[in-house]
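Text of the file my_file-v7.cif, holding mmCIF, C-alpha atoms:
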```cif
data_structure
loop_
_atom_site.label_atom_id
_atom_site.label_comp_id
_atom_site.auth_asym_id
_atom_site.auth_seq_id
_atom_site.Cartn_x
_atom_site.Cartn_y
_atom_site.Cartn_z
CA MET A 1 34.05 -6.39 -10.28
CA THR A 2 35.93 -9.59 -9.86
CA VAL A 3 33.95 -11.27 -7.11
CA ALA A 4 30.16 -11.58 -7.20
CA THR A 5 28.29 -9.30 -4.81
CA ASP A 6 26.35 -10.48 -1.78
CA PRO A 7 22.70 -11.03 -2.78
CA ASP A 8 21.57 -10.87 0.87
CA PRO A 9 18.00 -9.47 0.74
CA ARG A 10 18.70 -7.33 3.82
CA PHE A 11 20.93 -5.15 1.65
CA ALA A 12 18.66 -5.06 -1.41
CA ASN A 13 16.93 -1.78 -0.54
CA TYR A 14 20.11 0.21 -0.08
CA ALA A 15 21.21 2.47 -2.93
CA HIS A 16 24.43 0.50 -3.44
CA PRO A 17 23.97 -2.94 -1.92
CA GLU A 18 27.20 -4.10 -3.57
CA ARG A 19 29.10 -2.08 -0.96
CA LEU A 20 28.20 -4.43 1.89
CA VAL A 21 28.81 -8.08 2.54
CA SER A 22 27.35 -10.17 5.35
CA THR A 23 29.32 -12.36 7.73
CA ASP A 24 27.73 -15.40 6.03
CA TRP A 25 28.90 -14.23 2.62
CA LEU A 26 32.42 -13.58 3.83
CA ALA A 27 32.69 -16.92 5.60
CA ALA A 28 31.60 -18.64 2.40
CA ASN A 29 33.91 -16.59 0.17
CA LEU A 30 37.15 -16.66 2.16
CA GLY A 31 39.95 -17.70 -0.16
CA THR A 32 38.08 -16.78 -3.34
CA PRO A 33 40.60 -15.62 -5.95
CA GLY A 34 40.44 -11.87 -6.48
CA LEU A 35 39.22 -11.19 -2.93
CA VAL A 36 41.41 -9.63 -0.24
CA VAL A 37 40.07 -9.08 3.28
CA VAL A 38 41.51 -6.11 5.17
CA GLU A 39 41.27 -5.49 8.91
CA SER A 40 41.47 -1.87 10.04
CA ASP A 41 41.16 -1.13 13.76
CA GLU A 42 41.44 1.59 16.29
CA ASP A 43 43.73 -0.64 18.36
CA VAL A 44 46.93 -1.27 16.46
CA LEU A 45 47.48 -4.68 18.11
CA LEU A 46 44.00 -6.11 17.82
CA TYR A 47 44.75 -7.84 14.52
CA GLU A 48 47.63 -9.68 16.18
CA THR A 49 45.37 -11.03 18.93
CA GLY A 50 43.21 -12.75 16.31
CA HIS A 51 41.82 -11.93 12.87
CA ILE A 52 39.75 -13.47 10.11
CA GLU A 53 41.72 -16.11 8.28
CA GLY A 54 43.77 -14.69 5.42
CA ALA A 55 43.01 -11.06 6.29
CA VAL A 56 45.76 -8.45 5.99
CA LYS A 57 46.14 -5.47 8.29
CA ILE A 58 46.08 -1.80 7.34
CA ASP A 59 46.48 0.69 10.17
CA TRP A 60 45.05 4.19 9.84
CA HIS A 61 47.89 5.85 11.76
CA THR A 62 50.95 4.02 10.56
CA ASP A 63 49.84 3.08 7.03
CA LEU A 64 47.30 5.58 5.70
CA ASN A 65 48.44 8.87 7.23
CA ASP A 66 51.41 10.77 5.88
CA PRO A 67 54.01 10.67 8.67
CA VAL A 68 54.90 14.35 8.33
CA VAL A 69 52.12 16.45 6.82
CA ARG A 70 48.58 16.13 8.19
CA ASP A 71 47.34 14.41 5.07
CA TYR A 72 46.97 10.96 3.58
CA ILE A 73 49.71 9.07 1.79
CA ASP A 74 50.21 9.89 -1.88
CA GLY A 75 49.73 7.74 -4.95
CA GLU A 76 53.15 6.18 -4.66
CA GLY A 77 52.71 5.39 -1.00
CA PHE A 78 49.29 3.89 -1.66
CA ALA A 79 50.59 1.78 -4.53
CA LYS A 80 53.41 0.47 -2.36
CA LEU A 81 51.10 -0.27 0.56
CA LEU A 82 48.44 -2.08 -1.45
CA GLY A 83 50.96 -3.96 -3.56
CA SER A 84 52.54 -5.27 -0.36
CA LYS A 85 49.13 -6.50 0.82
CA GLY A 86 48.43 -8.54 -2.31
CA ILE A 87 45.89 -6.04 -3.63
CA THR A 88 45.79 -5.14 -7.33
CA ARG A 89 43.65 -2.45 -8.92
CA ASP A 90 41.06 -5.13 -9.81
CA THR A 91 40.95 -6.81 -6.42
CA THR A 92 37.69 -6.96 -4.52
CA VAL A 93 38.53 -5.58 -1.08
CA VAL A 94 36.35 -6.27 1.97
CA ILE A 95 37.25 -4.20 5.03
CA TYR A 96 36.19 -4.88 8.61
CA GLY A 97 37.29 -3.66 12.02
CA ASP A 98 36.60 -2.88 15.65
CA LYS A 99 34.29 -0.21 17.09
CA ASN A 100 31.48 -1.02 14.64
CA ASN A 101 33.70 -0.40 11.66
CA TRP A 102 34.73 3.21 12.45
CA TRP A 103 38.21 2.64 11.15
CA ALA A 104 37.13 0.21 8.49
CA ALA A 105 34.84 2.87 7.03
CA TYR A 106 37.69 5.35 7.30
CA ALA A 107 40.01 3.03 5.37
CA LEU A 108 37.28 2.44 2.78
CA TRP A 109 36.93 6.20 2.35
CA VAL A 110 40.70 6.57 1.85
CA PHE A 111 40.60 3.73 -0.71
CA SER A 112 37.85 5.73 -2.43
CA LEU A 113 40.08 8.84 -2.59
CA PHE A 114 42.28 6.74 -4.85
CA GLY A 115 39.31 5.52 -6.84
CA HIS A 116 39.73 1.85 -5.90
CA GLU A 117 36.58 0.57 -7.52
CA ASP A 118 35.49 -2.51 -5.65
CA VAL A 119 35.82 -1.90 -1.94
CA ARG A 120 33.17 -3.15 0.48
CA LEU A 121 32.48 -3.25 4.21
CA LEU A 122 31.76 -6.36 6.24
CA ASP A 123 28.43 -5.39 7.80
CA GLY A 124 28.84 -5.39 11.58
CA GLY A 125 32.62 -5.74 11.56
CA ARG A 126 34.49 -7.61 14.28
CA ALA A 127 31.66 -7.27 16.77
CA LYS A 128 29.15 -9.19 14.64
CA TRP A 129 31.72 -11.77 13.54
CA GLU A 130 32.54 -12.45 17.20
CA ALA A 131 28.93 -12.40 18.38
CA GLU A 132 28.22 -15.16 15.90
CA GLY A 133 31.06 -17.22 17.33
CA ARG A 134 33.04 -17.23 14.09
CA PRO A 135 36.73 -18.13 14.25
CA TYR A 136 39.86 -16.01 14.29
CA THR A 137 43.43 -17.03 13.64
CA THR A 138 46.69 -15.60 14.98
CA ASP A 139 48.66 -16.67 11.90
CA PRO A 140 51.04 -13.91 10.85
CA GLU A 141 50.01 -11.80 7.88
CA LYS A 142 50.86 -13.46 4.59
CA ALA A 143 50.33 -11.67 1.30
CA PRO A 144 51.95 -12.02 -2.09
CA SER A 145 53.73 -8.95 -3.40
CA VAL A 146 51.82 -7.63 -6.40
CA ASP A 147 51.79 -4.51 -8.57
CA TYR A 148 49.37 -1.74 -7.76
CA PRO A 149 49.49 1.22 -10.13
CA VAL A 150 50.42 4.70 -8.94
CA VAL A 151 47.10 6.52 -9.02
CA GLU A 152 46.89 10.15 -8.05
CA ARG A 153 44.54 10.78 -5.15
CA ASN A 154 41.43 12.67 -6.18
CA ASP A 155 40.19 14.48 -3.07
CA LYS A 156 37.68 16.82 -4.59
CA PRO A 157 34.59 14.60 -4.96
CA ILE A 158 34.45 13.18 -1.44
CA ARG A 159 36.84 15.18 0.74
CA ALA A 160 36.29 18.71 2.07
CA TYR A 161 38.98 21.06 3.33
CA LYS A 162 38.28 23.87 5.77
CA GLU A 163 37.94 26.39 2.92
CA ASP A 164 35.38 24.11 1.25
CA VAL A 165 33.36 24.03 4.46
CA LEU A 166 33.40 27.84 4.70
CA ALA A 167 32.17 28.06 1.11
CA HIS A 168 29.58 25.38 1.85
CA LEU A 169 27.92 27.20 4.79
CA GLY A 170 24.21 27.43 4.16
CA ASN A 171 24.13 23.84 2.88
CA PRO A 172 23.57 20.82 5.11
CA LEU A 173 26.29 19.83 7.56
CA ILE A 174 26.12 16.70 9.70
CA ASP A 175 28.11 16.74 12.92
CA VAL A 176 28.42 13.10 13.98
CA ARG A 177 30.04 13.68 17.36
CA SER A 178 28.45 13.10 20.76
CA PRO A 179 25.98 15.73 22.03
CA GLU A 180 28.56 16.85 24.62
CA GLU A 181 31.10 17.59 21.91
CA PHE A 182 28.47 19.26 19.72
CA SER A 183 27.37 21.64 22.46
CA GLY A 184 30.95 22.51 23.31
CA GLU A 185 30.78 21.03 26.79
CA ARG A 186 33.82 18.99 25.81
CA THR A 187 36.14 18.75 22.82
CA THR A 188 36.73 15.00 22.64
CA ALA A 189 34.52 11.95 22.66
CA PRO A 190 33.78 10.85 26.21
CA ALA A 191 36.81 8.92 27.49
CA TYR A 192 38.98 9.90 24.53
CA PRO A 193 42.22 11.81 24.84
CA GLU A 194 42.30 15.58 24.63
CA GLU A 195 43.63 16.45 21.23
CA ALA A 196 44.49 20.05 21.85
CA THR A 197 41.43 21.73 20.40
CA LEU A 198 41.28 25.33 21.54
CA ARG A 199 37.53 25.93 21.27
CA GLY A 200 34.41 23.82 21.84
CA GLY A 201 31.14 23.86 19.91
CA HIS A 202 30.11 23.14 16.34
CA ILE A 203 30.02 24.61 12.85
CA PRO A 204 26.99 26.91 12.43
CA SER A 205 23.80 25.18 11.21
CA ALA A 206 25.22 21.66 11.61
CA GLN A 207 22.73 18.97 12.58
CA ASN A 208 23.95 16.70 15.35
CA VAL A 209 23.49 13.07 14.35
CA PRO A 210 25.89 10.91 16.35
CA TRP A 211 27.35 8.32 14.01
CA ALA A 212 26.19 5.33 16.07
CA LYS A 213 22.56 6.14 15.28
CA ALA A 214 23.14 4.33 11.98
CA VAL A 215 24.13 1.13 13.79
CA ALA A 216 21.59 -1.58 14.60
CA GLU A 217 21.58 -3.82 17.66
CA ASP A 218 23.30 -6.62 15.75
CA PHE A 219 26.19 -4.15 15.05
CA GLY A 220 25.31 -3.94 11.34
CA PHE A 221 23.74 -0.93 9.62
CA LYS A 222 20.08 -0.14 10.28
CA SER A 223 17.49 -0.72 7.55
CA LEU A 224 16.88 1.80 4.79
CA ASP A 225 13.60 2.91 6.40
CA GLU A 226 15.30 3.52 9.72
CA LEU A 227 18.16 5.41 8.09
CA ASN A 228 15.69 7.57 6.13
CA GLU A 229 13.93 8.42 9.35
CA ILE A 230 17.21 9.50 10.95
CA TYR A 231 18.80 11.45 8.11
CA ARG A 232 15.86 12.64 5.99
CA ASP A 233 13.09 13.13 8.53
CA GLY A 234 15.36 13.83 11.50
CA ALA A 235 18.25 15.82 10.04
CA GLY A 236 16.23 17.26 7.14
CA LEU A 237 18.36 16.01 4.26
CA ASN A 238 16.71 16.00 0.84
CA ASP A 239 17.63 14.46 -2.50
CA GLY A 240 20.00 16.72 -4.38
CA ASP A 241 21.46 18.24 -1.20
CA SER A 242 25.17 18.86 -1.03
CA VAL A 243 26.23 17.41 2.33
CA ILE A 244 29.42 17.57 4.38
CA ALA A 245 29.95 15.32 7.39
CA TYR A 246 32.54 15.90 10.09
CA CYS A 247 33.56 14.73 13.55
CA ARG A 248 36.85 15.13 15.42
CA ILE A 249 39.41 13.79 12.96
CA GLY A 250 37.20 12.39 10.21
CA GLU A 251 36.97 8.77 11.30
CA ARG A 252 33.46 8.62 12.77
CA SER A 253 32.21 10.80 9.92
CA SER A 254 33.61 8.28 7.41
CA HIS A 255 31.07 5.86 8.85
CA THR A 256 28.28 8.40 8.26
CA TRP A 257 29.74 9.26 4.82
CA PHE A 258 29.38 5.56 3.96
CA ALA A 259 25.76 5.44 5.15
CA LEU A 260 24.78 8.61 3.28
CA THR A 261 26.62 7.73 0.07
CA HIS A 262 26.29 4.00 -0.33
CA LEU A 263 23.18 3.16 1.66
CA LEU A 264 20.97 6.23 1.19
CA GLY A 265 22.36 7.17 -2.21
CA PHE A 266 23.15 10.85 -1.66
CA GLU A 267 25.56 12.09 -4.30
CA GLY A 268 28.60 14.25 -3.70
CA VAL A 269 28.70 13.78 0.07
CA ARG A 270 32.04 14.96 1.39
CA ASN A 271 33.92 14.07 4.56
CA TYR A 272 35.68 16.97 6.28
CA ASP A 273 38.60 15.09 7.80
CA GLY A 274 40.16 18.21 9.33
CA SER A 275 37.00 18.15 11.44
CA TRP A 276 36.87 19.62 14.92
CA THR A 277 40.60 19.28 15.62
CA GLU A 278 41.11 21.80 12.81
CA TRP A 279 37.95 23.93 13.02
CA GLY A 280 38.09 24.19 16.81
CA SER A 281 41.59 25.63 16.61
CA ALA A 282 41.34 27.70 13.43
CA VAL A 283 41.44 31.49 13.75
CA ARG A 284 38.18 33.44 13.22
CA VAL A 285 35.98 30.66 11.87
CA PRO A 286 32.37 30.87 13.12
CA ILE A 287 31.41 28.57 15.99
CA ILE A 288 28.11 27.93 17.72
CA LYS A 289 27.90 26.78 21.34
CA GLY A 290 25.01 24.83 22.78
CA ALA A 291 22.60 22.16 21.62
CA GLU A 292 20.93 24.17 18.80
CA PRO A 293 22.40 24.16 15.27
CA GLY A 294 22.46 27.97 15.15
CA GLU A 295 22.46 30.35 12.20
CA VAL A 296 25.04 30.78 9.48
CA PRO A 297 26.65 34.23 9.89
CA THR A 298 25.44 36.66 7.22
CA HIS A 299 28.66 38.55 6.67
CA MET B 1 68.36 10.96 31.54
CA SER B 2 68.98 7.35 30.60
CA ASP B 3 71.38 6.88 33.52
CA ALA B 4 68.59 7.71 35.91
CA LEU B 5 66.26 4.98 34.68
CA PRO B 6 65.64 2.12 37.11
CA GLU B 7 67.01 -1.21 35.94
CA ASN B 8 63.72 -2.81 34.91
CA LEU B 9 62.62 0.14 32.83
CA ALA B 10 66.04 0.49 31.22
CA GLN B 11 65.95 -3.19 30.29
CA ILE B 12 62.46 -2.91 28.80
CA ARG B 13 63.53 0.09 26.77
CA GLU B 14 66.61 -1.71 25.53
CA ASP B 15 64.53 -4.74 24.57
CA PHE B 16 62.22 -2.58 22.45
CA LEU B 17 64.96 -0.52 20.82
CA ASP B 18 66.87 -3.67 19.84
CA LEU B 19 63.96 -4.77 17.65
CA GLU B 20 62.73 -3.83 14.21
CA LEU B 21 59.49 -1.82 14.19
CA ARG B 22 57.32 -4.83 13.40
CA ASP B 23 58.84 -6.92 16.16
CA ARG B 24 58.29 -4.11 18.65
CA LEU B 25 54.57 -4.65 18.14
CA GLN B 26 55.02 -8.34 18.91
CA LEU B 27 56.86 -7.51 22.12
CA LEU B 28 54.10 -5.08 23.06
CA LEU B 29 51.62 -7.89 22.46
CA GLU B 30 53.61 -10.15 24.80
CA PHE B 31 53.44 -7.49 27.48
CA SER B 32 49.74 -7.18 26.80
CA ASN B 33 49.23 -10.88 27.46
CA GLU B 34 51.21 -10.63 30.68
CA LEU B 35 49.11 -7.93 32.33
CA PRO B 36 48.14 -9.51 35.66
CA GLU B 37 44.54 -9.83 36.75
CA LEU B 38 43.42 -7.44 39.45
CA PRO B 39 43.83 -8.80 42.99
CA GLU B 40 40.49 -9.79 44.43
CA ARG B 41 40.31 -6.89 46.83
CA TYR B 42 40.05 -4.55 43.83
CA ALA B 43 38.10 -6.83 41.54
CA ASP B 44 35.33 -6.68 44.15
CA HIS B 45 35.64 -2.94 44.66
CA PRO B 46 35.57 -1.14 41.33
CA ASP B 47 34.83 2.06 43.25
CA LEU B 48 38.43 2.12 44.49
CA LEU B 49 39.79 2.28 40.95
CA GLU B 50 40.48 5.49 39.09
CA ARG B 51 39.47 5.77 35.47
CA VAL B 52 42.21 6.85 33.06
CA GLU B 53 40.26 9.25 30.87
CA GLU B 54 43.08 9.76 28.38
CA CYS B 55 43.04 6.15 27.29
CA GLN B 56 40.79 5.29 24.38
CA SER B 57 39.43 2.20 26.09
CA PRO B 58 37.99 1.84 29.56
CA VAL B 59 41.10 1.62 31.71
CA PHE B 60 41.12 1.66 35.48
CA MET B 61 44.09 1.83 37.82
CA PHE B 62 45.02 1.91 41.46
CA VAL B 63 48.28 2.55 43.29
CA GLU B 64 49.29 1.15 46.69
CA VAL B 65 52.28 2.26 48.74
CA ASP B 66 53.29 -0.36 51.32
CA ASP B 67 55.00 0.03 54.70
CA ASN B 68 58.42 -0.21 53.07
CA ASN B 69 57.60 2.66 50.77
CA ILE B 70 57.38 0.31 47.77
CA VAL B 71 54.88 1.21 45.03
CA HIS B 72 52.39 -1.37 43.71
CA LEU B 73 50.50 -0.47 40.55
CA PHE B 74 47.32 -2.29 39.49
CA VAL B 75 45.69 -1.71 36.12
CA THR B 76 42.79 -3.30 34.28
CA ALA B 77 41.92 -2.92 30.59
CA PRO B 78 39.69 -5.00 28.31
CA LYS B 79 41.08 -7.64 25.97
CA GLU B 80 39.70 -5.64 23.02
CA ALA B 81 42.33 -3.03 23.87
CA PRO B 82 45.61 -4.96 23.63
CA THR B 83 47.69 -1.85 22.99
CA THR B 84 46.48 -0.22 26.17
CA ARG B 85 47.00 -3.48 28.07
CA GLY B 86 50.54 -3.60 26.72
CA PHE B 87 51.27 -0.06 27.91
CA ALA B 88 49.86 -0.85 31.34
CA SER B 89 51.85 -4.07 31.55
CA ILE B 90 55.11 -2.28 30.72
CA LEU B 91 54.54 0.09 33.62
CA VAL B 92 53.39 -2.63 36.02
CA GLN B 93 56.52 -4.70 35.29
CA GLY B 94 58.86 -1.76 34.93
CA LEU B 95 57.86 -0.12 38.20
CA ALA B 96 57.67 -3.37 40.19
CA GLY B 97 59.61 -3.19 43.44
CA LEU B 98 60.51 0.48 43.10
CA THR B 99 60.29 2.93 45.96
CA VAL B 100 58.18 6.06 45.97
CA ASP B 101 61.16 8.27 45.17
CA GLU B 102 62.33 6.01 42.36
CA VAL B 103 58.93 6.03 40.67
CA LEU B 104 58.58 9.79 41.03
CA ALA B 105 62.00 10.17 39.39
CA VAL B 106 61.02 8.24 36.25
CA PRO B 107 61.07 10.78 33.40
CA ASP B 108 57.55 11.76 32.35
CA ASP B 109 58.45 11.21 28.71
CA PHE B 110 59.72 7.65 29.25
CA PRO B 111 56.85 6.22 27.14
CA GLN B 112 58.10 8.20 24.15
CA ASP B 113 61.57 6.68 24.44
CA LEU B 114 60.55 3.07 23.78
CA GLY B 115 60.68 3.36 20.01
CA LEU B 116 56.92 2.86 19.87
CA THR B 117 55.84 6.23 18.52
CA GLU B 118 56.58 5.08 14.98
CA ALA B 119 55.19 1.60 15.52
CA VAL B 120 51.90 2.59 17.13
CA SER B 121 51.80 6.42 16.67
CA LEU B 122 52.39 9.24 19.10
CA LEU B 123 48.69 9.69 19.76
CA ARG B 124 48.37 6.16 21.11
CA VAL B 125 51.53 6.45 23.19
CA ARG B 126 49.83 9.30 25.04
CA GLY B 127 47.75 6.69 26.80
CA MET B 128 50.85 5.38 28.55
CA THR B 129 52.09 8.87 29.35
CA ALA B 130 48.76 9.56 31.02
CA LEU B 131 48.94 6.33 33.00
CA LEU B 132 52.42 7.19 34.28
CA GLY B 133 51.24 10.69 35.19
CA ARG B 134 48.28 9.36 37.15
CA THR B 135 50.46 6.81 38.91
CA LYS B 136 52.74 9.57 40.14
CA ARG B 137 49.81 11.74 41.20
CA GLN B 138 48.27 8.93 43.23
CA ILE B 139 51.63 8.30 44.90
CA ARG B 140 51.94 11.97 45.82
CA GLU B 141 48.42 12.00 47.25
CA LYS B 142 48.98 8.83 49.26
CA THR B 143 52.32 9.91 50.66
CA ALA B 144 51.35 13.51 51.45
CA ALA B 145 51.92 14.03 55.14
#
```

Starting from the file, give its structure as structure tokens.
Amino acid sequence: MTVATDPDPRFANYAHPERLVSTDWLAANLGTPGLVVVESDEDVLLYETGHIEGAVKIDWHTDLNDPVVRDYIDGEGFAKLLGSKGITRDTTVVIYGDKNNWWAAYALWVFSLFGHEDVRLLDGGRAKWEAEGRPYTTDPEKAPSVDYPVVERNDKPIRAYKEDVLAHLGNPLIDVRSPEEFSGERTTAPAYPEEATLRGGHIPSAQNVPWAKAVAEDFGFKSLDELNEIYRDGAGLNDGDSVIAYCRIGERSSHTWFALTHLLGFEGVRNYDGSWTEWGSAVRVPIIKGAEPGEVPTH
Amino acid sequence: MSDALPENLAQIREDFLDLELRDRLQLLLEFSNELPELPERYADHPDLLERVEECQSPVFMFVEVDDNNIVHLFVTAPKEAPTTRGFASILVQGLAGLTVDEVLAVPDDFPQDLGLTEAVSLLRVRGMTALLGRTKRQIREKTAA
């Protein structure tokens, strides 16, 4: 790691405290050599209306997704993107964004598919930065062009495909969507566009833990004790469990993937990015309607 | 299709298509900053506004048809949603001064012709398509005999 981690005692209890930085830490470390700050938002224009000084922008739609196949960019695309943002393989990357870091966590997860070692989240994202009255700039993005190596994406450890989920049935699944989406009452988050899912409901046996339960009132992550109560006591996860998280397209579940992996220390947690937009339209996969998790089919 | 576009909309489309992808975002941001505030009669009566469910941010809109059959579109969206504000502003400016028939004749897929699907993604452009659709529906309801 090229830049020292944030020693903030609020993070000390988490399994991997080096994955978070506080707003104080970031404000004090802006401009530190070896550090690049990345903004990743739901709204593609938000960065232009004002961003943290020196931050570069990476958009989940236009930068991280393959424009043709429903997949992420490949090693060459990633190398080109990061090189153009002044990020080398050794750079410490801190990502922040709107909506309590939904998209920031999603970008961090994609960085992790490529094994970028030192990538961290700004705890609380834009909301906390703004609530604390910290400044933004509208200066255009400025980043030196650097070399980022072509690294092949390694999906297996942290990404699940539909077939993986079918093989996983019987192990814990966390559905992080709203209760209305979980029950099948609706197929998109309240107030979000219909994304052409043909069926409503959830994957059998999935526990419904809406992603925002991990977020505290100050927009940062809740404490370790609170997270344990939600995911271990509430959703029944135990050490050694193999866990898959999903939502609608994999963005909200990236946030939960981050909490389970880096804060609670579960190993081998996978994010099913096909999520409900795939499962809810796939032919002959099992679906449960209603508020109860339901049973895994036996045949 | 393009021949049928009212002048304002045709000009807006031309302005976007003349630009490189990156500059199209800047133009969208300018539109976003130009979205007018709601007139007071609606600011005080949120109940009159219709929520646009397809937009990812809380967006509300209202259509008036005046005695000369001219359409007036009012939209509000939060500053945290500049893309949505930009879409709304394009329609508010592009439809300004048009008659009922002219607005109803605007192609439903106009939002996809602005060269923005690559710059902001097709999914996001759907928010503007939905807004145009709701505008037309409100006009039809208000002008139904």

| message | I'd like the neighbourhood of Tyr231 (chain A) as a ChimeraX atom specification, where a residue qualifies if any of its atoms comes within 12 Å (using only C-alpha atoms), though same-chain residues fewer than 3 positions away should be ignored. | response | /A:172-176,207-211,213-214,222,224-228,234-239,241,243,245,256-257,259-261,263-266

| said: Taking all atoms listed in the file into account, name the residue in B:Ile12, B:Val103, B:Val52, B:Leu116 that is nearest to chain A. | reply: B:Val52

| field | Selection dump of the PyMOL selection byres ((chain B) within 12 of (chain A)), as a ChimeraX atom specification | value | /B:21-33,51-60,78-87,116-131

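Once the PyMOL selection byres ((chain B and resi 65) around 9) is applied to this file, the selection holds Val63, Glu64, Asp66, Asp67, Asn68, Asn69, Ile70, Val71, His72, Leu73, Thr99, Val100, Ile139, Lys142 and Thr143 of chain B.
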
Write out the residues from the selection above, keeping C-alpha atoms, as a CSV table (one decimal), keeping the file's coordinate frame.
```
chain,number,residue,atom,x,y,z
B,63,VAL,CA,48.3,2.6,43.3
B,64,GLU,CA,49.3,1.2,46.7
B,66,ASP,CA,53.3,-0.4,51.3
B,67,ASP,CA,55.0,0.0,54.7
B,68,ASN,CA,58.4,-0.2,53.1
B,69,ASN,CA,57.6,2.7,50.8
B,70,ILE,CA,57.4,0.3,47.8
B,71,VAL,CA,54.9,1.2,45.0
B,72,HIS,CA,52.4,-1.4,43.7
B,73,LEU,CA,50.5,-0.5,40.6
B,99,THR,CA,60.3,2.9,46.0
B,100,VAL,CA,58.2,6.1,46.0
B,139,ILE,CA,51.6,8.3,44.9
B,142,LYS,CA,49.0,8.8,49.3
B,143,THR,CA,52.3,9.9,50.7
```

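Taking CA of Glu37 (chain B) and CA of Ser89 (chain B) as endpoints, the distance between them is 10.7 Å.
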
| task | Pick out the closest residue to Pro9 (chain A) from this set: A:Gly280, A:Arg89, A:Ser223, A:Glu53. Count only C-alpha atoms. | result | A:Ser223

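Between CA of Ile287 (chain A) and CA of Gly184 (chain A) there is a distance of 9.5 Å.
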
| request: Check the smallest atom-to-atom distance from each of B:Arg134, B:Glu34, B:Ala105, B:Pro46 to Pro6 (chain B) using only C-alpha atoms, then report the winner. | output: B:Ala105

| message | Quick check on the file I pasted: which residues fall under the PyMOL selection byres ((chain A and resi 105) around 8)? Write them as a list in words. | response | Ile95, Asn101, Trp102, Trp103, Ala104, Tyr106, Ala107, Leu108, Trp109, Leu121, Glu251, Ser254, His255 and Phe258 of chain A

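Distance-wise, CA of Leu30 (chain A) and CA of Gly77 (chain A) end up 27.2 Å apart.
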
| query | If you count only C-alpha atoms, which residues fall within 10 Å of region 149-157 of chain A, apart from same-chain ones fewer than 5 positions away, as an MDAnalysis selection string? | reply | chainID A and resid 72:80 82:83 88:89 110:116 164 267:271

| task | Tell me which protein, DNA and RNA residues are within 12 Å of Pro39 (chain B), counting only C-alpha atoms, leaving out same-chain ones fewer than 3 positions away, and put them as a ChimeraX atom specification. | result | /B:35-36,42-46,49,61-62,64,72-76

List as a PDB file with C-alpha atoms, keeping the file's coordinate frame: which residues have an atom within 12 Å of (23.5, 27.6, 3.1), counting all atoms listed in the file?
```pdb
ATOM      1  CA  VAL A 165      33.360  24.030   4.460  1.00  0.00           C
ATOM      2  CA  LEU A 166      33.400  27.840   4.700  1.00  0.00           C
ATOM      3  CA  ALA A 167      32.170  28.060   1.110  1.00  0.00           C
ATOM      4  CA  HIS A 168      29.580  25.380   1.850  1.00  0.00           C
ATOM      5  CA  LEU A 169      27.920  27.200   4.790  1.00  0.00           C
ATOM      6  CA  GLY A 170      24.210  27.430   4.160  1.00  0.00           C
ATOM      7  CA  ASN A 171      24.130  23.840   2.880  1.00  0.00           C
ATOM      8  CA  PRO A 172      23.570  20.820   5.110  1.00  0.00           C
ATOM      9  CA  LEU A 173      26.290  19.830   7.560  1.00  0.00           C
ATOM     10  CA  PRO A 204      26.990  26.910  12.430  1.00  0.00           C
ATOM     11  CA  SER A 205      23.800  25.180  11.210  1.00  0.00           C
ATOM     12  CA  ALA A 206      25.220  21.660  11.610  1.00  0.00           C
ATOM     13  CA  ASP A 241      21.460  18.240  -1.200  1.00  0.00           C
ATOM     14  CA  SER A 242      25.170  18.860  -1.030  1.00  0.00           C
ATOM     15  CA  VAL A 243      26.230  17.410   2.330  1.00  0.00           C
ATOM     16  CA  ILE A 244      29.420  17.570   4.380  1.00  0.00           C
ATOM     17  CA  GLU A 295      22.460  30.350  12.200  1.00  0.00           C
ATOM     18  CA  VAL A 296      25.040  30.780   9.480  1.00  0.00           C
ATOM     19  CA  PRO A 297      26.650  34.230   9.890  1.00  0.00           C
ATOM     20  CA  THR A 298      25.440  36.660   7.220  1.00  0.00           C
TER      21      THR A 298
END
```

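If you measure from each of B:Leu38, B:Ala144, B:Ala4, B:Ala77 to Pro107 (chain B) using all atoms listed in the file, the closest one turns out to be B:Ala4.
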